[in-house]
Each structure stands twice: as structure tokens, then as C-alpha cells.
>>> print(open('work.cif').read())   # mmCIF, C-alpha atoms
data_target
#
loop_
_atom_site.label_atom_id
_atom_site.label_comp_id
_atom_site.auth_asym_id
_atom_site.auth_seq_id
_atom_site.Cartn_x
_atom_site.Cartn_y
_atom_site.Cartn_z
CA MET S 392 -2.38 18.35 -1.54
CA SER S 393 -0.72 18.92 1.78
CA THR S 394 -1.88 17.25 4.97
CA ILE S 395 -2.75 19.05 8.21
CA GLU S 396 -0.05 18.23 10.73
CA GLY S 397 0.20 19.09 14.39
CA SER S 398 3.08 18.73 16.79
CA SER S 399 0.97 17.95 19.86
CA GLY S 400 -2.19 16.31 18.55
CA PRO S 401 -5.05 16.94 16.15
CA ARG S 402 -5.70 20.52 15.11
CA GLU S 403 -8.99 22.13 14.36
CA PRO S 404 -10.16 21.74 10.75
CA ARG S 405 -9.27 24.61 8.48
CA GLY S 406 -10.68 25.71 5.16
CA ARG S 407 -8.39 26.47 2.24
CA THR S 408 -8.34 30.09 3.37
CA GLY S 409 -6.76 29.02 6.66
CA HIS S 410 -9.76 30.03 8.80
CA HIS S 411 -11.04 27.70 11.48
CA VAL S 412 -14.40 26.11 10.74
CA ASP S 413 -16.87 24.07 12.71
CA ALA S 414 -15.89 20.41 12.52
CA ASP S 415 -19.56 19.45 12.18
CA GLY S 416 -20.30 21.43 9.05
CA GLY S 417 -19.59 24.34 6.76
CA PRO S 418 -17.94 24.47 3.35
CA GLY S 419 -14.42 24.34 4.75
CA ALA S 420 -15.12 21.23 6.82
CA THR S 421 -16.69 19.43 3.86
CA GLU S 422 -13.76 20.41 1.65
CA ASP S 423 -11.26 19.06 4.18
CA LEU S 424 -13.18 15.80 4.38
CA LEU S 425 -13.17 15.50 0.59
CA TYR S 426 -9.41 16.02 0.56
CA ASP S 427 -9.11 13.25 3.14
CA VAL S 428 -11.15 10.93 0.89
CA ILE S 429 -8.94 11.78 -2.12
CA ARG S 430 -5.74 11.20 -0.12
CA ARG S 431 -6.92 7.69 0.73
CA LEU S 432 -7.84 6.60 -2.79
CA TRP S 433 -4.39 5.86 -4.21
CA PRO S 434 -3.07 3.82 -1.24
CA LEU S 435 -6.44 2.04 -1.07
CA HIS S 436 -6.19 1.16 -4.76
CA ARG S 437 -2.67 -0.23 -4.34
CA THR S 438 -3.69 -2.21 -1.23
CA ILE S 439 -6.63 -3.76 -3.08
CA VAL S 440 -4.36 -4.70 -6.00
CA ARG S 441 -1.91 -6.40 -3.63
CA ALA S 442 -4.74 -8.30 -1.93
CA VAL S 443 -6.17 -9.45 -5.26
CA GLU S 444 -2.72 -10.51 -6.49
CA ARG S 445 -2.37 -12.67 -3.39
CA GLU S 446 -5.76 -14.30 -4.02
CA LEU S 447 -4.80 -15.01 -7.65
CA GLU S 448 -1.51 -16.76 -6.90
CA GLY S 449 -1.31 -19.96 -8.94
CA THR S 450 -4.11 -19.02 -11.36
CA GLY S 451 -1.91 -17.37 -13.99
CA MET S 452 -4.15 -14.29 -13.81
CA THR S 453 -3.13 -10.75 -12.93
CA ALA S 454 -5.09 -8.19 -10.94
CA GLY S 455 -5.82 -6.31 -14.17
CA GLU S 456 -7.29 -9.45 -15.75
CA HIS S 457 -9.39 -9.94 -12.61
CA ALA S 458 -10.82 -6.43 -13.12
CA LEU S 459 -11.40 -7.21 -16.81
CA LEU S 460 -13.27 -10.44 -16.09
CA ASP S 461 -15.27 -8.77 -13.33
CA ALA S 462 -16.38 -6.07 -15.81
CA LEU S 463 -17.43 -8.73 -18.32
CA ARG S 464 -19.33 -10.64 -15.65
CA ALA S 465 -21.13 -7.49 -14.47
CA GLN S 466 -21.76 -5.84 -17.85
CA GLY S 467 -21.87 -8.72 -20.33
CA PRO S 468 -19.93 -8.89 -23.63
CA ARG S 469 -18.05 -5.69 -24.46
CA THR S 470 -15.55 -4.46 -27.03
CA VAL S 471 -12.01 -3.62 -26.01
CA PRO S 472 -12.68 0.16 -26.29
CA GLN S 473 -15.80 -0.22 -24.13
CA LEU S 474 -13.85 -2.17 -21.53
CA ALA S 475 -11.06 0.42 -21.57
CA ARG S 476 -13.55 3.22 -20.92
CA SER S 477 -15.28 1.36 -18.09
CA LEU S 478 -11.89 0.67 -16.44
CA GLY S 479 -10.61 4.22 -17.01
CA LEU S 480 -7.56 2.99 -18.98
CA ASP S 481 -6.04 3.24 -22.43
CA ARG S 482 -6.85 0.46 -24.86
CA GLN S 483 -3.33 -1.01 -25.01
CA PRO S 484 -3.15 -2.52 -21.49
CA VAL S 485 -6.74 -3.75 -21.75
CA GLN S 486 -5.96 -5.44 -25.07
CA ARG S 487 -2.97 -7.18 -23.47
CA TRP S 488 -5.16 -8.43 -20.63
CA VAL S 489 -7.76 -9.66 -23.12
CA ASN S 490 -5.10 -11.51 -25.13
CA HIS S 491 -3.68 -13.16 -22.01
CA ALA S 492 -7.11 -14.09 -20.66
CA ALA S 493 -7.85 -15.68 -24.04
CA GLU S 494 -4.66 -17.74 -23.80
CA LEU S 495 -5.90 -18.98 -20.42
CA GLY S 496 -9.25 -19.95 -21.97
CA LEU S 497 -11.19 -17.40 -19.92
CA VAL S 498 -12.53 -15.18 -22.76
CA VAL S 499 -13.26 -15.48 -26.47
CA THR S 500 -14.31 -13.10 -29.21
CA ALA S 501 -17.85 -12.99 -30.54
CA PRO S 502 -19.37 -11.20 -33.55
CA ASN S 503 -20.52 -7.67 -32.86
CA PRO S 504 -23.84 -7.00 -34.64
CA GLU S 505 -23.34 -3.23 -34.27
CA HIS S 506 -19.76 -2.99 -35.54
CA ARG S 507 -18.26 -5.64 -37.83
CA ARG S 508 -14.67 -4.46 -37.34
CA SER S 509 -14.72 -4.53 -33.54
CA SER S 510 -15.51 -7.90 -31.99
CA LEU S 511 -17.18 -8.38 -28.64
CA ILE S 512 -15.23 -10.00 -25.81
CA ARG S 513 -17.19 -12.45 -23.67
CA LEU S 514 -16.47 -14.83 -20.82
CA THR S 515 -16.16 -18.52 -21.57
CA ASP S 516 -17.92 -21.00 -19.31
CA GLU S 517 -14.56 -21.59 -17.65
CA GLY S 518 -14.02 -17.85 -17.19
CA ALA S 519 -17.46 -17.43 -15.62
CA GLU S 520 -16.81 -20.36 -13.27
CA VAL S 521 -13.39 -19.00 -12.26
CA MET S 522 -14.88 -15.59 -11.46
CA ARG S 523 -17.73 -17.16 -9.48
CA GLY S 524 -15.25 -19.00 -7.30
CA ILE S 525 -13.04 -15.95 -6.76
CA GLN S 526 -15.92 -13.60 -6.01
CA ASP S 527 -17.64 -16.06 -3.64
CA ALA S 528 -14.42 -16.14 -1.61
CA GLU S 529 -14.10 -12.34 -1.76
CA ALA S 530 -17.72 -11.86 -0.68
CA ALA S 531 -17.19 -14.13 2.32
CA GLU S 532 -14.17 -12.07 3.37
CA LEU S 533 -16.09 -8.81 2.97
CA ARG S 534 -18.99 -10.13 5.06
CA ARG S 535 -16.58 -11.20 7.77
CA GLY S 536 -14.42 -8.09 7.83
CA LEU S 537 -16.95 -5.33 7.12
CA ALA S 538 -20.07 -6.61 8.86
CA ASP S 539 -20.32 -3.37 10.85
CA LEU S 540 -21.04 -1.30 7.72
CA SER S 541 -24.70 -0.78 6.85
CA SER S 542 -26.05 -0.85 3.31
CA GLY S 543 -26.89 2.85 3.72
CA GLU S 544 -23.28 3.70 4.52
CA VAL S 545 -22.08 1.76 1.49
CA ARG S 546 -24.60 3.53 -0.76
CA THR S 547 -23.38 6.89 0.55
CA ALA S 548 -19.77 5.88 -0.18
CA LEU S 549 -20.74 4.89 -3.72
CA ARG S 550 -22.51 8.21 -4.29
CA VAL S 551 -19.50 10.20 -3.07
CA LEU S 552 -17.07 8.15 -5.19
CA ASP S 553 -19.29 8.54 -8.26
CA ARG S 554 -19.44 12.32 -7.77
CA LEU S 555 -15.67 12.52 -7.31
CA GLY S 556 -15.20 10.46 -10.46
CA GLU S 557 -17.44 12.78 -12.47
CA GLU S 558 -15.65 15.88 -11.23
CA PHE S 559 -12.16 14.52 -11.86
CA ARG S 560 -13.15 13.35 -15.34
CA HIS S 561 -14.23 16.94 -15.96
CA LEU S 562 -10.89 18.24 -14.67
CA ALA S 563 -8.94 15.69 -16.71
CA ASP S 564 -10.85 16.10 -19.98
CA GLY S 565 -12.12 19.66 -19.74
CA SER S 566 -15.65 18.52 -20.43
CA ARG S 567 -18.55 16.99 -18.56
CA VAL S 568 -20.37 13.79 -19.47
CA PRO S 569 -24.13 14.42 -19.49
CA SER S 570 -25.69 12.63 -16.52
CA GLU S 571 -28.07 10.64 -18.72
CA GLU S 572 -25.10 9.22 -20.65
CA SER S 573 -22.64 8.66 -17.80
CA GLY S 574 -24.15 5.32 -16.83
CA ASN S 575 -25.07 4.11 -20.33
CA PRO S 576 -22.20 2.44 -22.19
CA GLU S 577 -24.19 2.22 -25.42
CA LYS S 578 -24.75 6.01 -25.60
CA ARG S 579 -21.09 6.66 -24.84
CA ASP S 580 -20.03 4.22 -27.55
CA ALA S 581 -22.20 5.92 -30.16
CA ALA S 582 -19.97 8.99 -29.91
CA ALA S 583 -16.77 6.96 -30.26
CA PRO S 584 -17.02 4.17 -32.88
CA ASP S 585 -14.96 1.10 -32.14
CA ALA S 586 -12.26 0.34 -34.66
CA THR S 587 -9.79 -1.86 -32.76
CA PRO S 588 -10.44 -5.58 -33.23
CA ALA S 589 -9.41 -7.91 -30.44
CA ALA S 590 -6.32 -9.83 -31.52
CA ILE S 591 -7.36 -13.17 -30.02
CA PRO S 592 -8.62 -16.40 -31.59
CA PRO S 593 -12.39 -16.74 -32.02
CA THR S 594 -12.33 -20.21 -30.43
CA ILE S 595 -10.29 -21.78 -27.69
CA GLY S 596 -9.09 -25.36 -27.61
CA HIS S 597 -7.28 -27.07 -24.77
CA ARG S 598 -5.99 -24.88 -21.97
CA PRO S 599 -2.25 -24.21 -22.44
CA PRO S 600 0.24 -23.76 -19.62
CA ALA S 601 0.01 -20.31 -18.08
CA PRO S 602 2.25 -17.95 -20.11
CA THR S 603 4.37 -15.23 -18.63
CA ARG S 604 2.11 -12.82 -16.77
CA PRO S 605 1.93 -9.29 -18.14
CA THR S 606 2.52 -6.52 -15.68
CA ASP S 607 -0.37 -4.67 -14.06
CA HIS S 608 1.85 -1.67 -13.34
CA PRO S 609 0.92 1.06 -15.85
CA SER S 610 3.48 2.63 -18.08
CA PRO S 611 3.64 6.46 -18.29
CA THR S 612 0.83 6.37 -20.88
CA GLU S 613 -1.31 3.92 -18.92
CA ARG S 614 -2.98 5.67 -16.04
CA PRO S 615 -4.78 3.78 -13.24
CA ALA S 616 -8.45 4.30 -12.74
CA GLN S 617 -9.30 7.07 -10.32
#
>>> encode(input="work.cif", output="C-alpha cells")
Amino acid sequence: MSTIEGSSGPREPRGRTGHHVDADGGPGATEDLLYDVIRRLWPLHRTIVRAVERELEGTGMTAGEHALLDALRAQGPRTVPQLARSLGLDRQPVQRWVNHAAELGLVVTAPNPEHRRSSLIRLTDEGAEVMRGIQDAEAAELRRGLADLSSGEVRTALRVLDRLGEEFRHLADGSRVPSEESGNPEKRDAAAPDATPAAIPPTIGHRPPAPTRPTDHPSPTERPAQ
């Protein structure tokens, strides 16, 4: 995706056909704005990761484990395949994050009544308390730095990001997820049985020293969430 460049200042918006369009509307203007949104997503993602890594210094956690624990706090106990789907990643990096979080005493496995071979991952009391502290600090920073944004603007941003996510999943997979299933993890899981047990102990004793932190930088087969 090439950017629109000008040698002496901003140029009028152009559609993909190269024709000038009204900056206040029209298909070409909307398309250009969507391209601008897409161009910002990757650097925004990397900036957020760097900010989270700075917040987590000294905890032994990585930014990926922060995302994992946030998903568990928001969604409740989940299997590794369910977590991988919600994070838009392959199972392998998510399993590594689960294993490391278990070593830190932040998650444990629990029996899965719907699938005996695939355990549920849940937060420990310590994991829930750690995430409460981190997210309280994050929320205070967001209130301070983004106080000028209205709830309506944020809802609009969420709707646009959700639509972009649906469309790019279609482009990536060649198929669309029915709208009634896209927000329901249980319906999605029915079509893809879980068969990968979490390789972590069912109980956690004393908290060990923080082990070497796994990388959050994806390998060629581990793609970041879009």
C-alpha cells in the first residue's frame, strides 16, 4: 500500500483510480481513510507492545503473557486453542506463554467438562490480583491521556476495527465467519474440537524465581494479531 506524497504540502484525496474525490465523502475518500487506518495498525501494535513491556519490567511477564492473562480475565477459563483463536495466533506461542505464566504462579489448569483431553486454563488468585493492579494503572493512564475522546468515538473505532478484522479474516482464510458465531467462542469451538492439553502442572506451589522470559516476537509461523 503506497502512501500519498506531495512535494509542497498535502494533496487532494484520490481514489484508487487516480481521480480526485471530495474530501468529505464518496467511495474514494472512504477508501483512502481506510487505507490510512490500516497503515497505522502495525506501528500502533508495536508501540503498544513496547509500552506494555516497560510497564511489566521486573514482573517476569512478557507482553504476550499480559495479553493472555487479559483474555482470561475478560473471558474466563479457556483452552489453549480457544485462547489462540481469540488472540489471532497459532497454538505454539500461546502454549509457551501459558507454560511460563504457570511457572510464575499466575495460571493453573482445570478440568474441562466438555473435553476431557483439553484442559481449561484459568487465572490463579495471584494472577487475578496481578492483572487488577496492572490494569488499574493502565486505566489511570488512559483516563489522563485520552480524556478528550468521547465514548461514542471509541465505540465507532471499535466498530471499524471489528469490521476490518472480519474482512481481513475473510481475505486470509478465504471464508467468512457467520456474524452470529463471530462473537461466540463456544460456537466456534464446536467446529474445531480441542485436542492439545496444556503442558502445565494442575497445581502450583511456592512461586519460583522468574525463569528466562520467552520472546514475544513471532517466528515466521507465528503471525501477530491484526
>>> atom_distance(input="work.cif", atom1="atom CA of Gly496 of chain S", atom2="atom CA of Gly479 of chain S")
24.7 Å
>>> closest_residue(input="work.cif", among="S:Leu540, S:Gly556, S:Met522, S:Leu497", to="Leu447 of chain S", atoms="only C-alpha atoms")
S:Met522
>>> atom_distance(input="work.cif", atom1="atom CA of Ala563 of chain S", atom2="atom CA of Thr453 of chain S")
27.3 Å
>>> residues_around(input="work.cif", residues="Ala465 of chain S", least_positions_apart="4", cutoff="12 Å", atoms="all atoms listed in the file", output="ChimeraX atom specification")
/S:458-461,469,474,477,513-514,519,522-523,526
>>> atom_distance(input="work.cif", atom1="atom CA of Glu505 of chain S", atom2="atom CA of His457 of chain S")
26.6 Å
>>> closest_residue(input="work.cif", among="S:Asp553, S:Ile512, S:Val428, S:Arg441", to="Gln466 of chain S", atoms="only C-alpha atoms")
S:Ile512
>>> closest_residue(input="work.cif", among="S:Leu478, S:Val443, S:Asp423, S:Leu435", to="Ala528 of chain S", atoms="all atoms listed in the file")
S:Val443
>>> closest_residue(input="work.cif", among="S:Gln473, S:Ser510, S:Thr438, S:Thr450", to="Leu495 of chain S", atoms="only C-alpha atoms")
S:Thr450
>>> closest_residue(input="work.cif", among="S:Arg464, S:Val471, S:Ile525, S:Trp433", to="Arg508 of chain S", atoms="all atoms listed in the file")
S:Val471
>>> closest_residue(input="work.cif", among="S:Gly536, S:Gly451, S:Gly419, S:Gly543", to="His491 of chain S", atoms="all atoms listed in the file")
S:Gly451
